[in-house]
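Asker: Here you go, target_2.cif (mmCIF, C-alpha atoms and all ligand atoms):
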```cif
data_upload
loop_
_atom_site.label_atom_id
_atom_site.label_comp_id
_atom_site.auth_asym_id
_atom_site.auth_seq_id
_atom_site.Cartn_x
_atom_site.Cartn_y
_atom_site.Cartn_z
CA MET Q 1 -4.68 24.66 147.17
CA VAL Q 2 -6.37 21.30 146.74
CA ASP Q 3 -10.06 21.04 147.39
CA VAL Q 4 -10.58 19.02 150.55
CA GLY Q 5 -13.94 17.27 150.96
CA SER Q 6 -15.24 15.17 153.79
CA ARG Q 7 -17.23 12.00 154.35
CA THR Q 8 -18.41 10.14 157.38
CA GLY Q 9 -15.53 8.95 159.46
CA GLY Q 10 -12.75 10.95 157.85
CA GLN Q 11 -11.52 13.29 155.17
CA PHE Q 12 -10.50 12.75 151.59
CA VAL Q 13 -8.82 14.80 148.91
CA ARG Q 14 -10.91 15.31 145.77
CA ASP Q 15 -9.48 14.28 142.37
CA ASP Q 16 -7.26 17.01 141.08
CA ASP Q 17 -7.50 17.66 137.31
CA GLN Q 18 -3.91 18.82 137.07
CA VAL Q 19 -2.68 15.58 138.66
CA ASN Q 20 -5.06 13.56 136.47
CA SER Q 21 -3.52 15.15 133.41
CA LEU Q 22 -0.12 13.81 134.48
CA LEU Q 23 -1.26 10.19 134.37
CA ALA Q 24 0.21 8.32 131.42
CA GLU Q 25 -2.18 7.88 128.51
CA ARG Q 26 -1.95 4.10 128.92
CA THR Q 27 -3.64 4.25 132.33
CA ARG Q 28 -6.80 5.29 130.46
CA ASP Q 29 -6.47 3.17 127.32
CA LEU Q 30 -5.11 -0.11 128.61
CA VAL Q 31 -7.33 -1.82 131.13
CA TRP Q 32 -8.44 -5.36 131.92
CA PRO Q 33 -11.96 -6.01 130.58
CA SER Q 34 -12.92 -7.63 133.90
CA ARG Q 35 -11.99 -4.47 135.81
CA ASN Q 36 -14.77 -2.59 134.00
CA GLN Q 37 -17.39 -5.16 134.84
CA ALA Q 38 -20.33 -4.16 137.01
CA PRO Q 39 -20.63 -6.20 140.23
CA ALA Q 40 -23.01 -9.15 139.91
CA PRO Q 41 -26.20 -9.23 142.04
CA ALA Q 42 -26.00 -10.97 145.43
CA GLY Q 43 -26.33 -14.73 145.24
CA THR Q 44 -24.82 -14.95 141.74
CA ILE Q 45 -22.76 -18.07 141.07
CA TYR Q 46 -19.61 -16.83 139.40
CA PHE Q 47 -17.64 -19.07 137.05
CA GLY Q 48 -15.11 -16.30 136.37
CA GLY Q 49 -11.60 -16.50 137.82
CA GLY Q 50 -9.05 -19.28 137.45
CA MET Q 51 -8.63 -19.72 141.18
CA PRO Q 52 -7.84 -22.78 143.29
CA ASP Q 53 -10.33 -24.00 145.88
CA PRO Q 54 -9.51 -22.23 149.18
CA ALA Q 55 -10.48 -25.45 151.00
CA HIS Q 56 -7.38 -27.02 149.49
CA TYR Q 57 -4.68 -24.55 150.40
CA PRO Q 58 -2.16 -26.69 152.34
CA LEU Q 59 -2.39 -24.41 155.35
CA GLY Q 60 -1.54 -27.10 157.91
CA VAL Q 61 1.86 -27.93 156.43
CA LEU Q 62 2.66 -24.30 155.63
CA THR Q 63 1.87 -23.36 159.21
CA GLU Q 64 4.39 -25.94 160.40
CA LEU Q 65 7.07 -24.94 157.90
CA PHE Q 66 6.79 -21.18 158.36
CA PRO Q 67 8.34 -21.03 161.86
CA GLU Q 68 11.05 -23.41 160.69
CA VAL Q 69 12.00 -20.95 157.95
CA LEU Q 70 12.23 -18.10 160.44
CA HIS Q 71 14.02 -20.22 163.05
CA ASP Q 72 16.52 -22.08 160.86
CA ASP Q 73 17.18 -19.43 158.26
CA ASP Q 74 16.65 -16.39 160.55
CA ALA Q 75 18.47 -13.35 159.12
CA ALA Q 76 18.82 -14.85 155.64
CA ALA Q 77 15.04 -15.13 155.33
CA MET Q 78 14.65 -11.49 156.32
CA THR Q 79 17.06 -9.83 153.94
CA TYR Q 80 17.27 -9.25 150.18
CA VAL Q 81 18.12 -12.24 148.06
CA ALA Q 82 20.30 -11.87 144.96
CA GLU Q 83 18.23 -11.21 141.80
CA PRO Q 84 17.67 -14.69 140.34
CA GLY Q 85 16.23 -15.85 143.66
CA TYR Q 86 16.91 -18.18 146.59
CA GLY Q 87 19.31 -20.95 145.54
CA GLY Q 88 17.42 -23.69 147.39
CA LEU Q 89 14.25 -22.92 145.44
CA ARG Q 90 16.09 -22.66 142.11
CA ASP Q 91 17.57 -26.11 142.83
CA VAL Q 92 14.22 -27.80 143.47
CA VAL Q 93 12.54 -26.07 140.52
CA ALA Q 94 15.36 -27.12 138.16
CA ALA Q 95 15.19 -30.68 139.49
CA ARG Q 96 11.42 -30.80 138.91
CA HIS Q 97 11.89 -29.74 135.28
CA SER Q 98 14.43 -32.50 134.75
CA GLN Q 99 12.07 -35.01 136.37
CA ARG Q 100 8.78 -33.82 134.85
CA ASP Q 101 9.90 -32.67 131.41
CA GLY Q 102 12.86 -35.01 130.90
CA VAL Q 103 15.04 -32.04 130.06
CA ASP Q 104 18.25 -31.01 131.78
CA VAL Q 105 17.70 -27.69 133.48
CA ASP Q 106 20.50 -26.20 135.54
CA PRO Q 107 19.61 -24.03 138.58
CA THR Q 108 21.47 -21.13 136.89
CA GLN Q 109 18.69 -21.15 134.28
CA ILE Q 110 16.03 -20.38 136.89
CA ALA Q 111 14.90 -16.92 138.00
CA VAL Q 112 12.30 -16.70 140.78
CA THR Q 113 9.54 -14.21 139.97
CA ASN Q 114 6.46 -12.62 141.45
CA GLY Q 115 4.22 -15.33 139.99
CA THR Q 116 3.91 -15.84 136.26
CA ALA Q 117 2.60 -12.29 136.13
CA GLY Q 118 5.99 -11.01 137.35
CA ALA Q 119 7.76 -13.27 134.86
CA LEU Q 120 5.73 -11.72 132.03
CA VAL Q 121 6.74 -8.22 133.12
CA LEU Q 122 10.38 -9.29 133.26
CA ALA Q 123 10.22 -10.86 129.80
CA ALA Q 124 8.47 -7.82 128.34
CA GLN Q 125 10.99 -5.41 129.84
CA THR Q 126 13.90 -7.55 128.70
CA PHE Q 127 12.84 -8.12 125.10
CA LEU Q 128 10.43 -5.45 123.94
CA GLU Q 129 10.95 -2.05 122.45
CA PRO Q 130 8.11 0.19 121.25
CA GLY Q 131 6.82 -1.06 117.91
CA ASP Q 132 7.96 -4.68 118.37
CA VAL Q 133 5.36 -7.34 117.72
CA VAL Q 134 4.30 -10.16 120.05
CA ILE Q 135 2.19 -12.98 118.63
CA VAL Q 136 -0.23 -14.61 121.07
CA ASP Q 137 -2.87 -17.36 121.00
CA ARG Q 138 -5.98 -15.73 119.47
CA LEU Q 139 -7.78 -16.36 122.78
CA THR Q 140 -5.40 -15.78 125.65
CA TYR Q 141 -4.66 -14.40 129.11
CA HIS Q 142 -5.42 -10.70 129.08
CA GLY Q 143 -2.80 -9.92 131.73
CA ALA Q 144 -0.12 -10.95 129.26
CA VAL Q 145 -1.60 -8.84 126.47
CA LEU Q 146 -1.70 -5.84 128.76
CA THR Q 147 1.89 -6.42 129.87
CA PHE Q 148 3.13 -6.51 126.26
CA ARG Q 149 1.13 -3.42 125.32
CA LEU Q 150 2.44 -1.53 128.34
CA ALA Q 151 5.92 -2.23 126.98
CA GLY Q 152 4.87 -0.52 123.71
CA ALA Q 153 4.46 -3.71 121.68
CA THR Q 154 1.80 -4.50 119.11
CA VAL Q 155 0.00 -7.71 120.00
CA VAL Q 156 -1.30 -9.91 117.19
CA GLY Q 157 -3.53 -12.98 117.68
CA ALA Q 158 -2.76 -16.25 115.89
CA PRO Q 159 -5.38 -18.96 115.18
CA LEU Q 160 -5.99 -21.91 117.49
CA ASP Q 161 -7.48 -25.31 116.79
CA ASP Q 162 -8.20 -28.37 118.92
CA HIS Q 163 -4.43 -28.76 119.49
CA GLY Q 164 -3.81 -25.18 120.56
CA LEU Q 165 -1.72 -22.71 118.56
CA ARG Q 166 -1.61 -23.71 114.87
CA ALA Q 167 1.92 -23.98 113.53
CA ASP Q 168 1.05 -23.46 109.83
CA THR Q 169 -0.86 -20.20 110.28
CA LEU Q 170 1.70 -19.06 112.86
CA GLU Q 171 4.42 -19.42 110.24
CA ASP Q 172 2.33 -17.57 107.62
CA LEU Q 173 1.72 -14.75 110.08
CA LEU Q 174 5.40 -14.51 111.00
CA THR Q 175 6.41 -14.46 107.33
CA GLU Q 176 3.82 -11.80 106.54
CA LEU Q 177 4.80 -9.55 109.45
CA GLN Q 178 8.51 -9.92 108.80
CA ALA Q 179 8.03 -9.23 105.08
CA ALA Q 180 6.21 -6.03 106.07
CA GLY Q 181 9.29 -4.99 108.04
CA ARG Q 182 7.82 -5.67 111.49
CA ARG Q 183 10.15 -6.97 114.19
CA VAL Q 184 8.47 -9.97 115.82
CA LYS Q 185 10.34 -10.96 118.95
CA LEU Q 186 8.09 -13.15 121.04
CA VAL Q 187 5.44 -15.81 120.54
CA TYR Q 188 3.44 -16.16 123.76
CA THR Q 189 1.44 -19.37 124.09
CA ILE Q 190 -0.33 -21.42 126.77
CA PRO Q 191 -0.01 -25.02 125.53
CA GLY Q 192 -1.31 -26.95 128.52
CA CYS Q 193 -3.97 -26.56 129.49
CA GLN Q 194 -4.83 -23.46 127.48
CA SER Q 195 -6.70 -20.59 129.07
CA PRO Q 196 -9.48 -20.12 128.11
CA THR Q 197 -10.02 -23.11 125.77
CA GLY Q 198 -8.63 -25.95 127.94
CA ARG Q 199 -6.73 -27.42 124.97
CA LEU Q 200 -3.51 -29.42 125.46
CA MET Q 201 -0.92 -29.04 122.72
CA PRO Q 202 0.28 -32.53 121.70
CA ASP Q 203 3.88 -33.56 121.10
CA SER Q 204 3.66 -33.29 117.29
CA ARG Q 205 2.38 -29.70 117.45
CA ARG Q 206 5.07 -28.74 119.97
CA ARG Q 207 7.70 -29.98 117.53
CA GLU Q 208 6.16 -27.95 114.71
CA VAL Q 209 5.85 -24.77 116.78
CA ALA Q 210 9.48 -25.12 117.91
CA GLU Q 211 10.60 -25.52 114.29
CA VAL Q 212 8.60 -22.48 113.19
CA ALA Q 213 10.14 -20.42 116.01
CA ARG Q 214 13.60 -21.54 114.96
CA ARG Q 215 13.05 -20.75 111.28
CA SER Q 216 11.60 -17.33 112.11
CA GLY Q 217 14.17 -16.42 114.77
CA VAL Q 218 11.70 -15.68 117.59
CA VAL Q 219 11.63 -16.53 121.30
CA LEU Q 220 8.84 -18.73 122.69
CA LEU Q 221 7.20 -17.62 125.93
CA TYR Q 222 5.60 -20.78 127.28
CA ASP Q 223 3.02 -19.99 129.97
CA ASP Q 224 2.67 -23.10 132.14
CA THR Q 225 0.71 -21.51 134.99
CA TYR Q 226 -1.78 -24.43 135.06
CA GLY Q 227 0.77 -27.05 133.96
CA ASP Q 228 0.83 -29.14 137.15
CA LEU Q 229 -2.96 -29.52 137.25
CA ARG Q 230 -3.23 -32.82 135.34
CA TYR Q 231 -6.24 -35.12 135.33
CA GLU Q 232 -5.14 -37.51 132.58
CA ASP Q 233 -1.85 -39.05 131.48
CA GLY Q 234 0.01 -38.10 128.35
CA PHE Q 235 1.15 -34.52 128.95
CA PRO Q 236 4.11 -33.79 126.66
CA PRO Q 237 7.13 -31.99 128.13
CA SER Q 238 7.57 -28.23 128.24
CA LEU Q 239 8.65 -26.46 125.04
CA LEU Q 240 12.01 -26.24 126.82
CA ALA Q 241 12.54 -29.82 125.63
CA TYR Q 242 11.82 -28.89 121.99
CA ALA Q 243 13.54 -25.51 121.61
CA PRO Q 244 15.83 -25.13 124.65
CA GLU Q 245 17.84 -22.32 123.08
CA ARG Q 246 14.78 -20.03 122.63
CA THR Q 247 12.14 -21.02 125.16
CA VAL Q 248 11.30 -19.06 128.29
CA HIS Q 249 9.17 -21.37 130.45
CA LEU Q 250 6.92 -19.45 132.88
CA GLY Q 251 5.94 -21.52 135.91
CA SER Q 252 3.94 -20.77 139.05
CA PHE Q 253 2.91 -22.18 142.40
CA SER Q 254 -0.20 -19.97 142.39
CA LYS Q 255 -2.73 -22.50 141.14
CA THR Q 256 -1.34 -25.44 143.09
CA ILE Q 257 -0.21 -24.09 146.48
CA GLY Q 258 -1.83 -20.64 146.46
CA PRO Q 259 -1.69 -17.31 144.60
CA GLY Q 260 -1.05 -15.40 147.83
CA LEU Q 261 2.52 -16.70 147.92
CA ARG Q 262 3.36 -14.85 144.70
CA VAL Q 263 6.05 -17.38 143.85
CA GLY Q 264 6.68 -18.23 140.21
CA TRP Q 265 9.74 -18.69 138.03
CA THR Q 266 11.29 -18.62 134.60
CA ALA Q 267 13.39 -21.43 133.18
CA ALA Q 268 15.35 -20.14 130.21
CA PRO Q 269 18.76 -20.25 128.52
CA THR Q 270 21.40 -18.71 130.81
CA ASN Q 271 21.92 -15.67 128.55
CA ILE Q 272 18.25 -14.74 128.96
CA THR Q 273 18.27 -15.45 132.73
CA ALA Q 274 21.34 -13.21 133.08
CA ALA Q 275 19.59 -10.44 131.12
CA PHE Q 276 16.61 -10.72 133.48
CA SER Q 277 18.96 -10.16 136.43
CA ARG Q 278 20.63 -7.16 134.76
CA ILE Q 279 17.44 -5.17 134.29
CA ARG Q 280 15.49 -6.28 137.33
CA THR Q 281 14.37 -3.43 139.61
CA ASP Q 282 11.97 -5.18 142.01
CA LEU Q 283 14.84 -6.53 144.20
CA GLY Q 284 13.39 -10.01 143.93
CA THR Q 285 10.34 -11.62 145.51
CA THR Q 286 9.94 -12.23 149.23
CA PRO Q 287 12.75 -14.55 150.45
CA ILE Q 288 10.52 -15.91 153.22
CA ASN Q 289 8.02 -17.33 150.74
CA GLN Q 290 10.76 -18.62 148.46
CA ARG Q 291 12.23 -20.57 151.38
CA LEU Q 292 8.80 -21.79 152.46
CA VAL Q 293 8.02 -23.15 148.99
CA ALA Q 294 11.50 -24.70 148.67
CA ARG Q 295 10.92 -26.67 151.88
CA PHE Q 296 7.42 -27.63 150.80
CA VAL Q 297 8.76 -29.13 147.56
CA GLU Q 298 11.99 -30.55 149.01
CA GLN Q 299 10.23 -32.45 151.79
CA GLY Q 300 7.83 -34.16 149.37
CA TYR Q 301 4.73 -32.19 150.34
CA TYR Q 302 4.27 -30.71 146.87
CA ASP Q 303 4.00 -34.05 145.07
CA ALA Q 304 1.62 -35.42 147.71
CA HIS Q 305 -0.46 -32.24 147.52
CA LEU Q 306 -0.62 -32.40 143.71
CA ALA Q 307 -1.76 -36.02 143.77
CA ARG Q 308 -4.55 -35.06 146.17
CA VAL Q 309 -5.77 -31.85 144.51
CA ASN Q 310 -5.61 -33.26 141.00
CA LEU Q 311 -8.01 -36.04 141.99
CA PHE Q 312 -10.25 -33.52 143.61
CA TYR Q 313 -10.27 -31.08 140.65
CA ARG Q 314 -10.83 -33.92 138.22
CA GLY Q 315 -13.94 -34.75 140.23
CA LYS Q 316 -15.14 -31.14 139.94
CA ARG Q 317 -14.48 -31.13 136.20
CA ASP Q 318 -16.58 -34.28 135.85
CA VAL Q 319 -19.41 -32.77 137.91
CA MET Q 320 -19.42 -29.75 135.61
CA VAL Q 321 -19.43 -31.92 132.48
CA ALA Q 322 -22.32 -34.03 133.82
CA ALA Q 323 -24.31 -30.87 134.61
CA LEU Q 324 -23.57 -29.44 131.15
CA GLU Q 325 -24.81 -32.66 129.57
CA GLU Q 326 -27.99 -32.46 131.60
CA HIS Q 327 -28.80 -28.77 131.13
CA CYS Q 328 -26.88 -27.25 128.23
CA ALA Q 329 -26.38 -29.94 125.58
CA PRO Q 330 -29.01 -28.62 123.12
CA TYR Q 331 -27.43 -25.17 122.99
CA CYS Q 332 -23.65 -25.42 122.77
CA ARG Q 333 -20.59 -27.64 122.44
CA TRP Q 334 -17.75 -27.91 124.93
CA PHE Q 335 -14.37 -29.43 125.30
CA VAL Q 336 -13.43 -31.63 128.29
CA PRO Q 337 -9.95 -30.46 129.34
CA PRO Q 338 -7.33 -32.99 130.52
CA GLY Q 339 -6.11 -30.50 133.13
CA GLY Q 340 -6.37 -26.89 134.31
CA PHE Q 341 -9.48 -25.13 135.57
CA PHE Q 342 -11.49 -24.26 132.47
CA ILE Q 343 -14.26 -25.60 130.28
CA TRP Q 344 -14.80 -23.63 127.08
CA LEU Q 345 -18.29 -23.45 125.58
CA GLU Q 346 -18.88 -22.68 121.92
CA PHE Q 347 -22.13 -21.58 120.28
CA PRO Q 348 -23.01 -21.64 116.58
CA HIS Q 349 -24.03 -17.96 116.55
CA GLU Q 350 -23.23 -14.70 118.33
CA THR Q 351 -24.82 -15.67 121.63
CA VAL Q 352 -22.68 -14.37 124.46
CA PRO Q 353 -23.90 -10.73 124.91
CA ASP Q 354 -27.54 -11.77 125.41
CA LEU Q 355 -26.55 -14.78 127.48
CA GLU Q 356 -24.59 -12.53 129.83
CA VAL Q 357 -27.73 -10.49 130.51
CA LEU Q 358 -30.02 -13.52 130.85
CA GLY Q 359 -27.38 -15.25 132.99
CA LEU Q 360 -27.32 -12.35 135.45
CA GLU Q 361 -31.13 -12.51 135.64
CA GLU Q 362 -30.75 -16.19 136.55
CA ARG Q 363 -27.86 -15.24 138.91
CA VAL Q 364 -25.01 -16.93 137.09
CA ALA Q 365 -21.95 -15.19 135.59
CA PHE Q 366 -18.95 -16.18 133.48
CA PHE Q 367 -16.22 -14.69 131.27
CA GLY Q 368 -17.27 -14.23 127.64
CA ASP Q 369 -14.74 -14.42 124.80
CA HIS Q 370 -14.11 -10.65 124.80
CA HIS Q 371 -12.12 -11.18 128.03
CA PHE Q 372 -9.60 -13.22 126.06
CA SER Q 373 -9.67 -11.85 122.50
CA VAL Q 374 -6.93 -9.75 121.01
CA GLU Q 375 -8.83 -9.29 117.76
CA GLU Q 376 -12.54 -8.42 117.46
CA PRO Q 377 -14.28 -11.17 119.50
CA GLU Q 378 -16.80 -13.42 117.75
CA ARG Q 379 -19.02 -13.44 120.86
CA ARG Q 380 -19.64 -17.17 120.36
CA GLY Q 381 -17.57 -18.57 123.24
CA LEU Q 382 -17.39 -18.42 127.01
CA ARG Q 383 -15.18 -19.82 129.75
CA LEU Q 384 -16.40 -21.61 132.87
CA ALA Q 385 -13.91 -22.04 135.74
CA PHE Q 386 -14.54 -25.03 138.02
CA GLY Q 387 -11.55 -24.81 140.40
CA GLN Q 388 -12.81 -22.51 143.11
CA LEU Q 389 -16.51 -23.31 143.47
CA PRO Q 390 -18.01 -25.94 145.79
CA VAL Q 391 -19.49 -28.90 143.90
CA ASP Q 392 -23.09 -27.93 144.76
CA ASP Q 393 -22.54 -24.46 143.31
CA ILE Q 394 -21.16 -25.96 140.11
CA THR Q 395 -24.27 -28.09 139.66
CA GLU Q 396 -26.66 -25.28 140.55
CA GLY Q 397 -24.73 -22.71 138.46
CA ILE Q 398 -24.87 -24.89 135.34
CA HIS Q 399 -28.56 -25.52 135.95
CA ARG Q 400 -29.08 -21.74 135.99
CA LEU Q 401 -26.95 -21.33 132.87
CA GLY Q 402 -29.08 -23.97 131.14
CA ARG Q 403 -32.20 -21.99 132.07
CA ALA Q 404 -30.67 -18.83 130.61
CA MET Q 405 -29.81 -20.73 127.41
CA ALA Q 406 -33.33 -22.18 127.21
CA ARG Q 407 -34.78 -18.67 127.52
CA GLN Q 408 -32.48 -17.55 124.74
CA GLY Q 409 -33.59 -20.59 122.76
CA ALA Q 410 -30.73 -20.86 120.27
CA PRO Q 411 -30.09 -24.56 119.67
CA ALA Q 412 -26.63 -25.79 118.70
CA GLU Q 413 -26.29 -26.90 115.06
C1 LIG Q 501 -2.65 -17.98 131.88
C2 LIG Q 501 -2.21 -17.24 133.09
N1 LIG Q 501 -0.95 -16.77 133.17
C3 LIG Q 501 -0.51 -16.11 134.26
C4 LIG Q 501 -1.33 -15.87 135.34
C5 LIG Q 501 -0.77 -15.16 136.55
O1 LIG Q 501 -0.47 -16.11 137.52
P1 LIG Q 501 0.46 -15.85 138.78
O2 LIG Q 501 -0.41 -15.89 139.98
O3 LIG Q 501 1.46 -16.95 138.75
O4 LIG Q 501 1.11 -14.52 138.59
C6 LIG Q 501 -2.65 -16.32 135.32
C7 LIG Q 501 -3.55 -16.05 136.46
O5 LIG Q 501 -4.70 -16.29 136.46
C8 LIG Q 501 -3.10 -17.02 134.16
O6 LIG Q 501 -4.36 -17.47 134.08
#
```
Represent the structure contained in this file as structure tokens.
Answerer:
Amino acid sequence: MVDVGSRTGGQFVRDDDQVNSLLAERTRDLVWPSRNQAPAPAGTIYFGGGMPDPAHYPLGVLTELFPEVLHDDDAAAMTYVAEPGYGGLRDVVAARHSQRDGVDVDPTQIAVTNGTAGALVLAAQTFLEPGDVVIVDRLTYHGAVLTFRLAGATVVGAPLDDHGLRADTLEDLLTELQAAGRRVKLVYTIPGCQSPTGRLMPDSRRREVAEVARRSGVVLLYDDTYGDLRYEDGFPPSLLAYAPERTVHLGSFSKTIGPGLRVGWTAAPTNITAAFSRIRTDLGTTPINQRLVARFVEQGYYDAHLARVNLFYRGKRDVMVAALEEHCAPYCRWFVPPGGFFIWLEFPHETVPDLEVLGLEERVAFFGDHHFSVEEPERRGLRLAFGQLPVDDITEGIHRLGRAMARQGAPAE
């Protein structure tokens, strides 16, 4: 018999210890740091998530295209689609790679996924066995770390500099791990623009990283979730152009059109794309959304939308930089990113734990470096996201952050 309790408006079943004991160990050990965070007080300005501005979801066009999908495609939109995804979407995604990255990508190299998050799961399930090693940027996206660990892998952080993942220390790390008998299969990196540091990996570094991957016999997982958010010229092509035989490019429409679509993709050599299809158990992502996005891109709306939102986000970035200069300059340094949603602040000393507390008192919150660290965090860095917030909140939030820093009184060196 289970113990049945009650609360206003209904009944609920109390936690059962026997059932709890059946939960896999990893459901207790492996959690996102942000999911343990206490809710911030009301009125707090939150620079946390890497979200687009809801005011810029292209709802008008999507509302027009949605009935067209149901009307023109009718039954096809409502049934399962073969594993790699809807052909029309794979065509436009492949064409965009050829156009944007100057690299020939065939539609057979594309698999449509449940966002980049779904692509990471697919890659982890396809490549990793317990005990394998994945090397990641020392500061990185925790969802990826969790995905690799859930697959039984050991995740090791590799040093970053102003150009992203360092190729020399990556090679040393690979050599060391391989000499110790460890099987390193994947190097996961976010070259442009990096989350959380906002760094863009230049052409020369991409060449070096590709060469290191080749010499060490590993696959490169290139997370390009923010890759179409570009506020300056000079973005080098995807790593697909540098190491086409061993790069899995992870792309997404989440940050540009909207995360609610859950439409992302992988572009990879055909042997890897075929392996994805062989092991896939999710029966694909929703065909309706795949068709909606295909039309949105095909009919030129995506490029027009990107041109508009990139101008707009560049403006928000500049507002944040101006506010940082006004309120925070004595206390920290920051990097102005050429794209993406994040400005990374660095302090000379361990500053973040106290600043989190003082920030909440001033009603401003952010993600400290422990949200992104695989190794022991230094607690000297924090990430500010500028995509989602209205401009006035950005200005006011940075003003509050400056007050918290002034109370802490630790000047930058
Ligand atoms: C670096 C990075 N990769 C992947 C994801 C997941 O994105 P998607 O919505 O495409 O699954 C995120 C989401 O914030 C991210 O920041």
Asker: Calculate how many Å separate atom CA of Gly181 of chain Q from atom CA of Glu376 of chain Q, rounding to one decimal.
Answerer: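 According to the coordinates, atom CA of Gly181 of chain Q and atom CA of Glu376 of chain Q are separated by 24.0 Å.
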Asker: Within 8 Å of segment 331-341 of chain Q, counting all atoms listed in the file, which residues show up once you throw out same-chain ones fewer than 6 positions away? Write them as a PyMOL selection string, please.
Answerer: chain Q and resi 50-51+192-194+197-200+226-227+229-232+313-314+317+321+347-348+385-387+405-406+409-412
Asker: Taking all atoms listed in the file into account, which residues have an atom no farther than 8 Å from ligand LIG 501 (chain Q)? I'd like them as a ChimeraX atom specification.
Answerer: /Q:49-51,114-120,140-141,143-144,190,194-195,223-226,251-255,259-260,262-264
Asker: The centre and edge lengths of an axis-aligned box containing all atoms of segment 315-330 of chain Q present in the file, extended by 8 Å on each side, are to be given in Å to one decimal, as JSON.
Answerer:
```
{"center_x": -21.5, "center_y": -31.0, "center_z": 131.7, "size_x": 31.1, "size_y": 23.5, "size_z": 33.1}
```
Asker: Please report the interatomic distance between atom CA of Val112 of chain Q and atom CA of Gly85 of chain Q in Å with one decimal.
Answerer: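 Distance between the two atoms: 4.9 Å.
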Asker: Show me, as a ChimeraX atom specification, the residues that have an atom within 7 Å of Leu128 of chain Q when counting all atoms listed in the file, minus same-chain residues fewer than 3 positions from it.
Answerer: /Q:124-125,132,151,153
Asker: With the cut-off set at 9 Å and counting all atoms listed in the file, tabulate each residue of segment 217-254 of chain Q with an atom at most that distance from an atom of segment 269-286 of chain Q, showing the nearest atom pair and its distance in Å to one decimal, ordered by chain and increasing number, as a tab-separated table.
Answerer:
```
residue	atom	partner	partner_atom	distance
Q:Pro244	CA	Q:Pro269	CA	6.9
Q:Glu245	CA	Q:Pro269	CA	5.9
Q:Arg246	CA	Q:Pro269	CA	7.1
Q:Thr247	CA	Q:Pro269	CA	7.5
Q:Val248	CA	Q:Pro269	CA	7.6
```
Asker: Go ahead and write the selection's residues with C-alpha atoms as a compact mmCIF listing (two decimals), in the coordinates of the input.
Answerer:
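again.txt, written as the output of this step:
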```
# COMPACT_ATOMS: atom_id res chain seq x y z
CA PRO Q 244 15.83 -25.13 124.65
CA GLU Q 245 17.84 -22.32 123.08
CA ARG Q 246 14.78 -20.03 122.63
CA THR Q 247 12.14 -21.02 125.16
CA VAL Q 248 11.30 -19.06 128.29
```
Asker: Find the distance between atom CA of Asp161 of chain Q and atom CA of Glu176 of chain Q and write it in Å to one decimal.
Answerer: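 For atom CA of Asp161 of chain Q relative to atom CA of Glu176 of chain Q, the distance reads 20.4 Å.
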Asker: Considering all atoms listed in the file, return as a list in words whatever protein or nucleic-acid residues lie within 8 Å of Phe367 of chain Q, sequence-local ones (same chain, fewer than 6 positions apart) excluded.
Answerer: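 Selected residues are Phe47, Gly48, Leu382, Arg383 and Leu384 of chain Q.
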Asker: Restrict the calculation to all atoms listed in the file, then for each residue of segment 44-162 of chain Q with any atom at most 8 Å from an atom of segment 235-242 of chain Q give the closest atom pair and their distance in Å to one decimal, rows by chain and rising residue number, as a Markdown table.
Answerer:
```
| residue | atom | partner | partner_atom | distance |
| --- | --- | --- | --- | --- |
| Q:Arg100 | CA | Q:Pro237 | CA | 7.2 |
| Q:Asp101 | CA | Q:Pro237 | CA | 4.3 |
| Q:Gly102 | CA | Q:Pro237 | CA | 7.0 |
| Q:Val103 | CA | Q:Ala241 | CA | 5.6 |
```
Asker: Using all atoms listed in the file, pick whichever of Q:Gly258, Q:Leu221, Q:Leu292, Q:Val184 has the shortest atom-to-atom distance to Val69 of chain Q.
Answerer: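 Of Q:Gly258, Q:Leu221, Q:Leu292, Q:Val184, the one nearest Val69 of chain Q, counting all atoms listed in the file, is Q:Leu292.
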Asker: From the options Q:Pro107, Q:Gly359, Q:Pro330, Q:Gly131, which residue's atoms come nearest to Val92 of chain Q, counting only C-alpha atoms?
Answerer: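 For Val92 of chain Q, the nearest of the candidates is Q:Pro107.
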Asker: Counting only C-alpha atoms, what is within 8 Å of Asp53 of chain Q, bar same-chain residues fewer than 6 positions away, as a ChimeraX atom specification?
Answerer: /Q:387-390
Asker: Restricting the calculation to all atoms listed in the file, which member of Q:Gly315, Q:Ala294, Q:Ala75, Q:Pro196 is positioned closest to His370 of chain Q?
Answerer: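 So, comparing all the options, the nearest one is Q:Pro196.
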